[in-house]
Structures are given as structure tokens and as C-alpha cells.
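Below is one structure, written out as C-alpha cells, with a few remarks after it.
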Amino acid sequence: MKSFGPFNQKFPFMLHGGDYNPDQWRHVPGTVEEDFGLFPLAGINSVSIGIFAWTALEPEEGRFEFGWLDEVMDRCAKQGMAAVLATPSGAKPNWMAKKYPEIRRMSPPCQGGGWGGNLEPLREVQQTRHNHCFTSPVYRAKCAEMNARLARRYAKHPALALWHVSNEYGGTCHCPLCYAAFQKWLQAKYKTLDALNQAWWSGFWAHTFTAWDQIMTIDPSVEGMRLDWKRFTTDQTVDFFLAESAPLRQHTPDVPVCINTMGFYEGLDYWRFAPHLDVVSFDSYPDYHDRPDPEGLAASSAMWHDLNRSLKCGKPFLLMESAPGTVNWKPINRLLRPGVHRLKSIQAVAHGADSVQYFQIRKGRGGSEKFHAAVIDHVGAKQTPQTRMFQEVAQVGKDLQALAPVVGAATPAKVAVIYDWDARWALDASAGPSKNAKDYFTHCTQHHRPFWKRGVGVDIINGDCRLDDYAVVIAPSLYLLRKGFAERVEQFVTRGGVFVATWLTGIADDSGLVFQGGVPGPLRKLLGIWAEEIDYLYDDETNAANFAQGNPAGLSGQFSLKNICDVIHAETAQVVATYGRDFYAGKPCVTVNTVGNGEAWYIAADGGRDLLDAFYGQLIARQKLPRALDAEQPDGVAAQTRANANGVFTFVCNYANEPRAALLGAAPRVDLLSGKTVAGTVTLPPYGVMVLKQSN
């Protein structure tokens with residue numbers, strides 16, 4: 001079993017804390033002292049500081065004030081706490097925006113669409129946050145100076161545990177500097193305009209480019225351009241991050257560096273950041289309530305965690321932000337029910353987190369997040385410990401102390417679901433094929449969920465990742481295929497792997513151009529099918545999949561289909577199920593092709609939860625995939641496993657708002673959270689959790 005150490009050997013414990021903004025309270029005497037008095041009561045052992053503090057650190061150009069930050073860092077060291085020190089680039093100061101207008105982003109031309117938009121890019125006014133140009137030499141220089149000062153000042157500070165670079169990178173800029181950088185990026189990629197025009201198929205509507213400087217805006221009708229702009233935006237953001245982090249690497253080479261990601265955020269491909277990060281950290285705000293589907297939300301949240309663990313090849317990640325209570329920015333901000341905060345925190349640890357941290361530690365008195373949940377409420381330091389939220393945070397603090405042996409533990413996974421940003425971007429950029437085809441994230445979660453509910457570990461990978469360590473690889477709606485992907489999958493299957501592809505897979509190459517020779521393109525031979533047409537159903541229409549007797553999927557009867565139905569021909573594949581209705585009734589719907597020692601499956605239609613749950617349930621049994629608990633659990637109960645030299649840890653969670661029975665097996669194990677020895681059938685209360693330890 002692969003195992004990892006703590007993210008920083010000097011702080012070998014589960015982090016519990018979060019965003020702390022003493023810069024907003026530095027003129028209110030006694031506040032910081034009060035807060036540090038409350039931290040031990042809540043089990044807070046870390047704080048993230050300086051995230052939006054540029055003006056407090058440099059109130060005017062060239063005048064720096066670090067005294068307030070010195071005090072907080074020293075208090076952390078005195079109490080044995082970890083300081084997650086941020087660089088403040090996520091919100092530039094007003095004085096800087098006024099003096100150096102080039103650092104302000106520009107909006108795209110024709111904003112608003114149609115003929116009513118502006119015809120030229122507009123320089124944005126100074127407002128909100130995340131509004132700086134990633135290309136601007138001025139802003140890069142200012143960030144480098146600030147970050148170098150921070151790194152030199154705190155390089156030897158005993159509390160410094162981690163660098164938190166900027167905050168939630170995102171957004172785009174359409175200024176001349178960025179377009180010049182985009183043109184340079186394109187020249188490096190394509191070398192010639194002929195190659196670019198071919199890749200973009202820009203002869204359509206006479207959009208052929210005859211000079212690089214003609215690329216002055218992002219034309220939505222040139223799909224290849226849109227795809228490359230997305231890639232460029234990620235690469236330019238990564239380049240900005242590398243520039244920001246360079247002074248930190250120089251002056252504090254032993255202090256790990258991270259950014260806080262946003263899960264499956266559409267705007268950035270986090271796989272391009274991963275090689276440059278020492279640890280992955282991300283912000284998680286699942287909307288856990290009783291409706292519409294708490295189990296579905298739990299499965300979706302699990303997939304977010306699995307992605308962040310997978311970005312560094314299974315290395316534990318840090319939950320950098322979560323909400324200890326209600327947020328302020330959702331359409332309906334319901335209170336978290338008692339126990340839910342503990343549940344979602346333990347869920348993160350179950351999937352590989354070595355921290356539970358919050359936005360925010362203390363509620364601000366003003367600003368757009370003054371009603372966002374916090375550990376310390378507006379009621380003040382004396383009454384805060386009596387609040388339900390503080391008490392639930394304190395419970396999580398106790399839990400994390402009990403889970404100290406789990407730090408660095410790996411999460412075994414023999415299954416991989418491919419989620420590829422390039423495929424998502426290409427599908428989104430495509431004019432068609434149908435609205436029901438565009439929800440790529442939902443398509444992927446549908447294939448992840450059956451494994452999650454059965455306690456089978458899953459990694460989330462992209463089209464470039466190694467496949468060698470997996471028994472099953474699933475490619476839901478993998479519209480775009482990267483170069484070499486089909487060959488690697490064929491090798492995987494030949495060696496004995498099981499590959500599952502679905503409708504909308506293998507349509508376009510990595511430029512977004514449709515493959516010639518029939519769908520699924522380079523995967524046609526491996527899958528043994530040809531998808532001739534795609535039928536997109538109305539919302540109220542269904543079809544049916546009829547499974548043949550004695551089929552290798554182990555299924556029987558009929559399953560309802562919706563949204564999308566590929567009309568396919570079985571070439572070398574065995575027909576497992578056929579359509580029940582319409583002109584293609586009797587044609588293949590599910591097929592399997594045996595290649596070497598493995599299998600290549602094709603699911604041609606959207607069977608929703610019922611078909612996928614049944615199909616993967618049988619696949620798990622046939623492949624004897626390891627499960628966290630052997631017995632089938634009732635709906636709402638799910639288990640995950642982590643393991644290291646200290647033992648095997650099984651996390652059992654009840655995501656239902658009513659008691660559910662968990663079937664633990666006959667072997668007695670200790671629940672680290674309660675200290676009790678348990679076995680057999682145990683009733684979990686609503687949102688109840690257990691962490692069972694088994695010695696190696």
C-alpha cells in the first residue's frame with residue numbers, strides 16, 4: 001500500500017482552522033487576543049492569513065506595514081499553531097489600480113452579444129476581486145516584490161507551514177497585452193498560419209487568418225479558437241502562478257506551496273497546475289440539505305474530493321475552505337442541520353483530505369460576506385462558545401485529533417473515471433449537438449456514483465494519465481480524444497483491463513475537428529462498433545434497453561433510456577442489449593468487444609441511474625473489486641477506505657436525515673471517533689459517522 005507523510009513534517013497533524021482576517025480588525029483593540037483565546041476551545045490549530053490583505057500590508061506605494069502580521073504569526077508560534085501564509089494578489093489595492101491602469105482587466109468586445117454590445121474591449125473599473133491582468137508586467141513585478149518581502153521576513157518563522165498563493169485563480173482578460181501573448185502562444189504551438197487555419201477549420205465563413213495580428217478577439221463561431229483560448233488562459237494563469245511563487249521558492253525552499261482550487265471549475269484545467277504544486281488544496285461548499293437528492297449530492301461531493309486527491313497521484317489534499325454553517329451567496333441559504341457539518345468534514349477526510357478548514361474564522365461587520373458562516377459569530381467572544389455552530393466546529397476539532405493516525409494515509413483505487421477539461425471545452429464550444437449533451441460533469445458523476453455507494457475507490461483522471469494501475473477505466477462522453485489516447489487504451493485492454501465508453505465518445509480530435517472514418521474515431525476498432533447517427537430525444541420521450549438472456553453484463557429485463565441514443569452497428573462487438581422502440585428497435589444499445597485479455601464496453605444511450613447502477617454493480621462483482629465494506633449498504637450509507645502503516649481506516653457515513661443500519665461485518669473494530677468496539681449491524685443516527693480502524 002502506497003503511503004504518504006504529512007504535507008509538512010514540522011506540522012504532522014490534521015489541520016483545523018481557516019481564513020482569518022485580522023487585517024480587518026487591527027484597529028479594534030483586543031480582538032486578536034480574544035480570538036486566540038477561543039481557538040483552543042474549538043480545536044483550531046491553524047489559520048490562513050493575509051489572503052486579501054494587500055492594502056493592510058502596503059497602504060501606499062513603497063510603504064509597508066507588517067507589524068500586525070508579525071503579531072499574528074508570533075501568536076501562532078506561541079500556541080503551536082500552523083500559519084498558512086497567503087500572497088495577497090487576489091485583490092489589488094485601489095491606489096495601484098489608479099496609478100497603473102494596465103493591471104485592470106479588459107472585458108471582451110461585443111459584451112452582451114448581438115449588435116448592442118461594445119465594439120472594443122473595455123477597461124474594467126476597480127471593484128470586487130480577482131480583477132487583475134495575468135499578463136501585465138507591472139502587476140507581476142508588484143506581486144514579485146510583495147511576495148519576496150513576505151518570504152524574506154518569515155522564512156525562519158517557526159509558525160510558517162504553507163504558502164497559500166493568491167486565492168481562487170479564475171477569469172480572463174482581453175487587453176492588448178493578453179492578445180499579444182495569445183498570438184505568441186499560438187505561434188509556438190502551430191508554427192505556421194496554415195497549420196492554425198487547418199486546426200481551426202477557419203475557412204468556414206471566410207475566417208482564414210493571413211497574419212498573426214488578425215487574431216484580435218475570440219470569435220465564438222471558430223470553435224478551435226475558443227478551445228485554444230481556454231488552454232491559453234490556463235497556461236497564462238499557470239505562468240502567473242509560477243512568477244508569483246518564484247520568490248517563495250527562492251527564499252523558503254522547504255515550505256510547500258499550494259493554490260486553492262475550485263473542483264471542477266470550468267475556467268481552468270487543474271491538471272496543468274498539478275506538477276507545480278507541492279500539495280493540492282481546494283474549496284468545497286456542498287449544499288447539503290434534505291432535498292432534492294442528498295445522496296446524489298453526497299456522491300457528487302465525493303467525486304470533487306476524489307479529483308483533488310487524484311491530481312497528485314493519490315497524495316492527500318487539504319480542504320482549504322468549507323462552511324461551518326450557511327453561506328450567503330446561494331439562491332436559498334438554508335441552515336445546516338445538526339450533524340451535517342461533521343458529516344461533510346469527515347467525508348472530505350474519508351476521500352483523502354488531511355485538513356478541515358473554513359471560510360471564515362471570524363465574521364466581518366461589513367462587506368459582501370458579512371452573513372457568511374464563521375466559527376466566531378457577530379455575537380462576540382463571550383457568547384460564541386454557546387452557539388451551535390461553534391460547538392459543532394469544536395466536535396470536528398476533537399474528531400481530527402482522534403484521526404491523527406490517518407495523516408498521510410493513501411486511498412486505494414482500482415477504478416478511474418476520465419474527466420477531461422479539453423473534452424468539456426470542445427463539447428461546450430461545439431455548435432450542437434444538443435442541450436442534453438452539454439452537461440459533461442453530470443455525465444461523469446453518473447458513472448462515479450455506483451462505485452461510491454458500494455465503497456469502491458475511484459480516481460478521477462484525464463486523457464493523458466497512466467492507466468497501468470487500474471482494473472477499470474471509464475470514459476463518459478469523451479467527445480475529444482487526445483493524441484495517443486486510443487493506443488494507450490488498447491494496450492490497457494489487451495493486458496486485461498476493462499474499458500467502458502459511452503455515447504458522444506470519440507467524435508473529435510484534440511483540435512476539435514471531427515474524425516474521418518466514423519465515430520468513435522480511433523476507438524472504433526477497439527470497441528468494435530460504428531456509431532452511424534445520434535438521436536436526441538425530447539424531454540418527455542424515452543426508449544428502452546432490452547438485455548439478451550445470459551448476456552455477459554449479467555443483467556436481465558428492460559431499462560428506460562432518455563436524452564441521447566446512438567444508432568450503432570456491431571462490427572466485432574457482441575450485442576448485449578438492444579433498443580426497444582423507434583425505427584432503430586432491435587439495433588445494439590450495449591455491446592462488449594473482447595480484445596486480448598480484456599473487455600471494451602460501449603453504452604450507446606443515456607440509461608440514467610438505474611441502468612448504470614445495475615451495470616456497474618455487476619461489473620464490481622465480476623471483477624472482484626475491493627470494497628470498504630463487503631455487504632451491500634442501505635441507501636444513504638457509504639463507506640471509504642484509507643490505509644497507511646498505522647492501519648486500515650474505514651469511514652462509514654450516513655447521508656440520510658433518518659437512522660440507517662450499517663452492516664460492518666463480523667470482525668470487531670474500534671471506532672476512533674467514539675472509542676467503542678463495534679461489529680455486525682450498527683444503527684447510525686441521521687448524518688452519523690464512524691471511522692473504524694483495523695490493524696495491518
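Ordering of the C-alpha cells sets the chain letters (A, B, ...); residue numbers start at 1 within each chain; ligands are numbered from 1 in the order shown.
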
Next on the checklist: Set the distance at 8 Å and use only C-alpha atoms: which residues neighbour region 300-316 of chain A once local chain neighbours fewer than 6 positions away are removed? I'd like the list as a ChimeraX atom specification.
Outcome noted: /A:4,263-264,270-271,274-275,279-282,286,347-348,351-354,408-411,445,448-449,452,458-461

Item to check | alpha helix (DSSP H) residues, from DSSP on the backbone, in region 183-326 of chain A, as a ChimeraX atom specification | outcome: /A:183-190,193-200,223-251,294-310

Take the residues from that selection and put them in a file with C-alpha atoms, as a PDB file, in the first residue's frame.
```pdb
ATOM      1  CA  GLN A 183      -0.714  35.264 -30.552  1.00  0.00           C
ATOM      2  CA  LYS A 184       2.750  34.291 -29.278  1.00  0.00           C
ATOM      3  CA  TRP A 185       1.290  31.163 -27.654  1.00  0.00           C
ATOM      4  CA  LEU A 186      -0.379  30.193 -30.929  1.00  0.00           C
ATOM      5  CA  GLN A 187       2.824  30.732 -32.923  1.00  0.00           C
ATOM      6  CA  ALA A 188       4.693  28.448 -30.516  1.00  0.00           C
ATOM      7  CA  LYS A 189       2.016  25.782 -30.863  1.00  0.00           C
ATOM      8  CA  TYR A 190       1.258  25.857 -34.604  1.00  0.00           C
ATOM      9  CA  LEU A 193      -0.690  30.047 -40.102  1.00  0.00           C
ATOM     10  CA  ASP A 194      -1.510  27.204 -42.472  1.00  0.00           C
ATOM     11  CA  ALA A 195      -1.371  24.760 -39.573  1.00  0.00           C
ATOM     12  CA  LEU A 196      -3.503  27.053 -37.410  1.00  0.00           C
ATOM     13  CA  ASN A 197      -6.107  27.562 -40.139  1.00  0.00           C
ATOM     14  CA  GLN A 198      -6.319  23.817 -40.698  1.00  0.00           C
ATOM     15  CA  ALA A 199      -6.723  23.086 -36.979  1.00  0.00           C
ATOM     16  CA  TRP A 200      -9.384  25.787 -36.605  1.00  0.00           C
ATOM     17  CA  GLU A 223     -14.606  26.522 -32.294  1.00  0.00           C
ATOM     18  CA  GLY A 224     -10.893  25.698 -32.428  1.00  0.00           C
ATOM     19  CA  MET A 225     -10.084  29.266 -31.395  1.00  0.00           C
ATOM     20  CA  ARG A 226     -12.381  29.008 -28.391  1.00  0.00           C
ATOM     21  CA  LEU A 227     -10.750  25.740 -27.376  1.00  0.00           C
ATOM     22  CA  ASP A 228      -7.238  27.182 -27.689  1.00  0.00           C
ATOM     23  CA  TRP A 229      -8.259  30.333 -25.786  1.00  0.00           C
ATOM     24  CA  LYS A 230      -9.319  28.118 -22.874  1.00  0.00           C
ATOM     25  CA  ARG A 231      -5.984  26.328 -22.996  1.00  0.00           C
ATOM     26  CA  PHE A 232      -4.081  29.600 -23.244  1.00  0.00           C
ATOM     27  CA  THR A 233      -5.992  31.048 -20.291  1.00  0.00           C
ATOM     28  CA  THR A 234      -4.941  28.098 -18.144  1.00  0.00           C
ATOM     29  CA  ASP A 235      -1.333  28.283 -19.329  1.00  0.00           C
ATOM     30  CA  GLN A 236      -1.164  32.024 -18.749  1.00  0.00           C
ATOM     31  CA  THR A 237      -2.613  31.613 -15.258  1.00  0.00           C
ATOM     32  CA  VAL A 238      -0.101  28.858 -14.517  1.00  0.00           C
ATOM     33  CA  ASP A 239       2.675  31.141 -15.772  1.00  0.00           C
ATOM     34  CA  PHE A 240       1.423  33.919 -13.474  1.00  0.00           C
ATOM     35  CA  PHE A 241       1.380  31.457 -10.569  1.00  0.00           C
ATOM     36  CA  LEU A 242       4.955  30.398 -11.331  1.00  0.00           C
ATOM     37  CA  ALA A 243       6.035  34.044 -11.358  1.00  0.00           C
ATOM     38  CA  GLU A 244       4.207  34.652  -8.065  1.00  0.00           C
ATOM     39  CA  SER A 245       5.657  31.619  -6.371  1.00  0.00           C
ATOM     40  CA  ALA A 246       9.259  32.085  -7.592  1.00  0.00           C
ATOM     41  CA  PRO A 247      10.281  34.366  -4.659  1.00  0.00           C
ATOM     42  CA  LEU A 248       8.696  31.911  -2.224  1.00  0.00           C
ATOM     43  CA  ARG A 249      10.650  29.017  -3.728  1.00  0.00           C
ATOM     44  CA  GLN A 250      13.836  31.085  -3.637  1.00  0.00           C
ATOM     45  CA  HIS A 251      13.669  32.240  -0.015  1.00  0.00           C
ATOM     46  CA  PRO A 294     -28.976  14.354  -0.507  1.00  0.00           C
ATOM     47  CA  GLU A 295     -27.465  11.029  -1.571  1.00  0.00           C
ATOM     48  CA  GLY A 296     -26.813  12.395  -5.053  1.00  0.00           C
ATOM     49  CA  LEU A 297     -25.178  15.471  -3.547  1.00  0.00           C
ATOM     50  CA  ALA A 298     -23.014  13.237  -1.367  1.00  0.00           C
ATOM     51  CA  ALA A 299     -21.915  11.273  -4.436  1.00  0.00           C
ATOM     52  CA  SER A 300     -21.157  14.463  -6.346  1.00  0.00           C
ATOM     53  CA  SER A 301     -19.202  15.890  -3.408  1.00  0.00           C
ATOM     54  CA  ALA A 302     -17.252  12.629  -3.159  1.00  0.00           C
ATOM     55  CA  MET A 303     -16.217  12.990  -6.798  1.00  0.00           C
ATOM     56  CA  TRP A 304     -14.927  16.523  -6.126  1.00  0.00           C
ATOM     57  CA  HIS A 305     -12.754  15.153  -3.324  1.00  0.00           C
ATOM     58  CA  ASP A 306     -11.574  12.269  -5.497  1.00  0.00           C
ATOM     59  CA  LEU A 307     -10.436  14.702  -8.182  1.00  0.00           C
ATOM     60  CA  ASN A 308      -8.283  16.691  -5.784  1.00  0.00           C
ATOM     61  CA  ARG A 309      -6.681  13.569  -4.378  1.00  0.00           C
ATOM     62  CA  SER A 310      -6.016  12.297  -7.903  1.00  0.00           C
TER      63      SER A 310
END
```

Item to check | Residues near Glu321 (chain A), cut-off 6 Å, only C-alpha atoms, skip fewer than 4 positions along chain, as a list in words | outcome: Asp283, Gln357, Tyr358 and Phe359 of chain A

Kindly export the residues of the current selection with all heavy atoms, as a PDB file, in the first residue's frame.
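Okay, this is what ended up in part-v7.pdb:
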```pdb
ATOM      1  N   ASP A 283     -11.519  24.350  -2.334  1.00  0.00           N
ATOM      2  CA  ASP A 283     -12.630  24.956  -1.608  1.00  0.00           C
ATOM      3  C   ASP A 283     -13.909  24.201  -1.923  1.00  0.00           C
ATOM      4  O   ASP A 283     -14.271  24.038  -3.093  1.00  0.00           O
ATOM      5  CB  ASP A 283     -12.783  26.425  -1.999  1.00  0.00           C
ATOM      6  CG  ASP A 283     -11.523  27.235  -1.716  1.00  0.00           C
ATOM      7  OD1 ASP A 283     -10.652  26.729  -0.983  1.00  0.00           O
ATOM      8  OD2 ASP A 283     -11.402  28.360  -2.223  1.00  0.00           O
ATOM      9  N   GLN A 357     -10.747  23.049   6.913  1.00  0.00           N
ATOM     10  CA  GLN A 357     -10.564  24.475   7.150  1.00  0.00           C
ATOM     11  C   GLN A 357     -11.768  25.238   6.605  1.00  0.00           C
ATOM     12  O   GLN A 357     -12.496  24.731   5.747  1.00  0.00           O
ATOM     13  CB  GLN A 357      -9.257  24.953   6.491  1.00  0.00           C
ATOM     14  CG  GLN A 357      -8.020  24.315   7.127  1.00  0.00           C
ATOM     15  CD  GLN A 357      -6.791  24.394   6.241  1.00  0.00           C
ATOM     16  OE1 GLN A 357      -6.615  23.587   5.342  1.00  0.00           O
ATOM     17  NE2 GLN A 357      -5.960  25.390   6.497  1.00  0.00           N
ATOM     18  N   TYR A 358     -11.942  26.431   7.110  1.00  0.00           N
ATOM     19  CA  TYR A 358     -13.181  27.152   6.861  1.00  0.00           C
ATOM     20  C   TYR A 358     -12.943  28.521   6.233  1.00  0.00           C
ATOM     21  O   TYR A 358     -11.907  29.144   6.425  1.00  0.00           O
ATOM     22  CB  TYR A 358     -13.946  27.384   8.186  1.00  0.00           C
ATOM     23  CG  TYR A 358     -14.071  26.155   9.037  1.00  0.00           C
ATOM     24  CD1 TYR A 358     -13.491  26.086  10.310  1.00  0.00           C
ATOM     25  CD2 TYR A 358     -14.755  25.039   8.567  1.00  0.00           C
ATOM     26  CE1 TYR A 358     -13.601  24.958  11.090  1.00  0.00           C
ATOM     27  CE2 TYR A 358     -14.880  23.902   9.345  1.00  0.00           C
ATOM     28  CZ  TYR A 358     -14.294  23.863  10.611  1.00  0.00           C
ATOM     29  OH  TYR A 358     -14.410  22.734  11.372  1.00  0.00           O
ATOM     30  N   PHE A 359     -13.906  28.952   5.479  1.00  0.00           N
ATOM     31  CA  PHE A 359     -14.138  30.363   5.312  1.00  0.00           C
ATOM     32  C   PHE A 359     -15.445  30.636   6.073  1.00  0.00           C
ATOM     33  O   PHE A 359     -16.503  30.170   5.656  1.00  0.00           O
ATOM     34  CB  PHE A 359     -14.305  30.783   3.850  1.00  0.00           C
ATOM     35  CG  PHE A 359     -14.501  32.269   3.728  1.00  0.00           C
ATOM     36  CD1 PHE A 359     -13.415  33.108   3.678  1.00  0.00           C
ATOM     37  CD2 PHE A 359     -15.764  32.815   3.732  1.00  0.00           C
ATOM     38  CE1 PHE A 359     -13.593  34.480   3.613  1.00  0.00           C
ATOM     39  CE2 PHE A 359     -15.946  34.182   3.673  1.00  0.00           C
ATOM     40  CZ  PHE A 359     -14.862  35.016   3.609  1.00  0.00           C
TER      41      PHE A 359
END
```

Next on the checklist: Residues near Gln9 (chain A), anyone? I mean within 12 Å using only C-alpha atoms, not counting same-chain ones fewer than 3 positions away, as an MDAnalysis selection string.
Outcome noted: chainID A and resid 4:6 12:14 82 160:162 254:256 407:408

Would you give me, as JSON lines, each residue of region 378-477 of chain A having an atom within 10 Å of an atom of region 595-606 of chain A, along with its shortest atom pair and that distance in Å to one decimal, using only C-alpha atoms and sorting by chain and residue number?
```
{"residue": "A:Asn436", "atom": "CA", "partner": "A:Asp606", "partner_atom": "CA", "distance": 9.9}
{"residue": "A:Ala437", "atom": "CA", "partner": "A:Asp606", "partner_atom": "CA", "distance": 10.0}
{"residue": "A:His443", "atom": "CA", "partner": "A:Asp606", "partner_atom": "CA", "distance": 8.8}
{"residue": "A:Gln446", "atom": "CA", "partner": "A:Asp606", "partner_atom": "CA", "distance": 9.9}
{"residue": "A:Ala471", "atom": "CA", "partner": "A:Gly598", "partner_atom": "CA", "distance": 9.6}
{"residue": "A:Val472", "atom": "CA", "partner": "A:Glu599", "partner_atom": "CA", "distance": 9.6}
{"residue": "A:Val473", "atom": "CA", "partner": "A:Ala600", "partner_atom": "CA", "distance": 9.7}
{"residue": "A:Ile474", "atom": "CA", "partner": "A:Trp601", "partner_atom": "CA", "distance": 9.3}
{"residue": "A:Ala475", "atom": "CA", "partner": "A:Tyr602", "partner_atom": "CA", "distance": 9.8}
{"residue": "A:Pro476", "atom": "CA", "partner": "A:Ile603", "partner_atom": "CA", "distance": 9.2}
```

Next on the checklist: Taking 4 positions as the minimum chain separation for residues in the same chain, which residues sit within 12 Å of Gly512 (chain A) when counting only C-alpha atoms? Answer as a ChimeraX atom specification.
Outcome noted: /A:198-201,222-228,422-431,478-483,506-508

For the residues in the current selection, export N, CA and C atoms as a compact mmCIF listing (two decimals), in the first residue's frame.
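The file below, selection-v8.txt, is the result:
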```txt
# COMPACT_ATOMS: atom_id res chain seq x y z
N GLN A 198 -5.83 25.19 -40.54
CA GLN A 198 -6.32 23.82 -40.70
C GLN A 198 -6.94 23.32 -39.39
N ALA A 199 -6.23 23.56 -38.28
CA ALA A 199 -6.72 23.09 -36.98
C ALA A 199 -8.03 23.77 -36.59
N TRP A 200 -8.17 25.04 -36.96
CA TRP A 200 -9.38 25.79 -36.60
C TRP A 200 -10.47 25.68 -37.68
N TRP A 201 -10.16 25.04 -38.82
CA TRP A 201 -11.11 24.96 -39.93
C TRP A 201 -11.67 26.35 -40.24
N VAL A 222 -15.60 30.23 -34.37
CA VAL A 222 -14.38 29.47 -34.65
C VAL A 222 -14.11 28.59 -33.43
N GLU A 223 -14.62 27.37 -33.48
CA GLU A 223 -14.61 26.52 -32.29
C GLU A 223 -13.19 26.20 -31.85
N GLY A 224 -12.28 25.97 -32.79
CA GLY A 224 -10.89 25.70 -32.43
C GLY A 224 -10.24 26.86 -31.70
N MET A 225 -10.61 28.09 -32.08
CA MET A 225 -10.08 29.27 -31.39
C MET A 225 -10.57 29.29 -29.95
N ARG A 226 -11.84 29.01 -29.75
CA ARG A 226 -12.38 29.01 -28.39
C ARG A 226 -11.68 27.96 -27.53
N LEU A 227 -11.43 26.80 -28.11
CA LEU A 227 -10.75 25.74 -27.38
C LEU A 227 -9.33 26.16 -27.02
N ASP A 228 -8.61 26.75 -27.97
CA ASP A 228 -7.24 27.18 -27.69
C ASP A 228 -7.21 28.35 -26.72
N ASP A 422 -10.24 19.40 -21.64
CA ASP A 422 -10.23 19.63 -23.09
C ASP A 422 -11.51 19.10 -23.73
N ALA A 423 -11.94 17.91 -23.31
CA ALA A 423 -13.16 17.33 -23.86
C ALA A 423 -14.38 18.18 -23.50
N ARG A 424 -14.40 18.67 -22.27
CA ARG A 424 -15.52 19.53 -21.85
C ARG A 424 -15.54 20.82 -22.66
N TRP A 425 -14.38 21.45 -22.80
CA TRP A 425 -14.32 22.71 -23.53
C TRP A 425 -14.72 22.52 -24.99
N ALA A 426 -14.23 21.44 -25.60
CA ALA A 426 -14.55 21.20 -27.01
C ALA A 426 -16.04 20.95 -27.20
N LEU A 427 -16.63 20.21 -26.29
CA LEU A 427 -18.06 19.94 -26.37
C LEU A 427 -18.86 21.21 -26.17
N ASP A 428 -18.45 22.03 -25.20
CA ASP A 428 -19.15 23.30 -24.96
C ASP A 428 -19.02 24.25 -26.14
N ALA A 429 -17.86 24.23 -26.80
CA ALA A 429 -17.63 25.14 -27.92
C ALA A 429 -18.37 24.71 -29.17
N SER A 430 -18.73 23.44 -29.24
CA SER A 430 -19.36 22.91 -30.44
C SER A 430 -20.77 23.49 -30.62
N ALA A 431 -21.08 23.88 -31.87
CA ALA A 431 -22.43 24.35 -32.20
C ALA A 431 -23.33 23.13 -32.36
N LEU A 478 -16.61 11.10 -23.78
CA LEU A 478 -15.28 11.67 -24.03
C LEU A 478 -15.23 12.14 -25.48
N TYR A 479 -15.87 13.27 -25.73
CA TYR A 479 -16.07 13.85 -27.06
C TYR A 479 -14.75 14.04 -27.80
N LEU A 480 -13.75 14.56 -27.10
CA LEU A 480 -12.43 14.83 -27.69
C LEU A 480 -11.44 13.78 -27.21
N LEU A 481 -10.67 13.24 -28.14
CA LEU A 481 -9.62 12.28 -27.79
C LEU A 481 -8.25 12.91 -28.01
N ARG A 482 -7.43 12.86 -27.00
CA ARG A 482 -6.07 13.36 -27.12
C ARG A 482 -5.23 12.41 -27.98
N LYS A 483 -4.16 12.96 -28.54
CA LYS A 483 -3.26 12.13 -29.35
C LYS A 483 -2.69 11.00 -28.50
N GLY A 506 -15.30 9.86 -28.70
CA GLY A 506 -14.50 9.65 -29.91
C GLY A 506 -15.02 10.37 -31.13
N ILE A 507 -15.54 11.57 -30.97
CA ILE A 507 -16.08 12.33 -32.10
C ILE A 507 -15.05 13.27 -32.70
N ALA A 508 -14.23 13.93 -31.86
CA ALA A 508 -13.32 14.97 -32.36
C ALA A 508 -11.89 14.73 -31.89
```

Item to check | Surrounding residues of Glu124 (chain A) excluding itself and chain neighbours under 6 positions, 8 Å, only C-alpha atoms, as a ChimeraX atom specification | outcome: /A:104-107

Kindly export the residues of the current selection with N, CA, C and O atoms, as a compact mmCIF listing (two decimals), in the first residue's frame.
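This is the output file out.txt:
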```
# COMPACT_ATOMS: atom_id res chain seq x y z
N ARG A 104 -5.57 46.47 -14.70
CA ARG A 104 -7.00 46.15 -14.65
C ARG A 104 -7.40 45.38 -15.90
O ARG A 104 -6.98 45.70 -17.01
N ARG A 105 -8.20 44.37 -15.71
CA ARG A 105 -8.62 43.54 -16.84
C ARG A 105 -9.47 44.34 -17.83
O ARG A 105 -10.06 45.36 -17.49
N MET A 106 -9.52 43.79 -19.04
CA MET A 106 -10.43 44.33 -20.05
C MET A 106 -11.45 43.26 -20.39
O MET A 106 -11.12 42.07 -20.50
N SER A 107 -12.68 43.68 -20.57
CA SER A 107 -13.75 42.77 -20.95
C SER A 107 -13.69 42.51 -22.45
O SER A 107 -13.11 43.31 -23.20
```

Next on the checklist: So that I can check the surroundings of region 53-62 of chain A, please list as a ChimeraX atom specification every protein, DNA and RNA residue that reaches within 7 Å of it, counting only C-alpha atoms and ignoring chain neighbours fewer than 4 positions away.
Outcome noted: /A:23,66,88,92-93,95

Checklist entry - What does the distance between CA of Tyr538 (chain A) and CA of Val500 (chain A) come to in Å, to one decimal place? => result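 CA of Tyr538 (chain A) sits 26.0 Å away from CA of Val500 (chain A).
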
Checklist entry - Could you write out, as a VMD selection string, all the residues of region 308-357 of chain A that DSSP marks as strand (DSSP E)? => result chain A and resid 318 to 321 355 to 357

Checklist outcome for this item: Expressed in Å, the length from CA of Gly608 (chain A) to CA of Leu561 (chain A) is 7.0 Å

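Picture a line from CA of Arg334 (chain A) to CA of Ala394 (chain A); it runs 21.3 Å.
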
Next on the checklist: Using only C-alpha atoms for the distances, tell me which of A:Val678, A:Cys173, A:Ala573, A:Ile376 is nearest to Leu663 (chain A).
Outcome noted: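 Of A:Val678, A:Cys173, A:Ala573, A:Ile376, the one nearest Leu663 (chain A) is A:Val678, counting only C-alpha atoms.
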
Checklist entry - In terms of the shortest atom-to-atom distance over only C-alpha atoms, which of A:Met73, A:His130, A:Gly364, A:Glu541 is closest to Ala155 (chain A)? => result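 For Ala155 (chain A), the nearest of the given residues is A:Met73.
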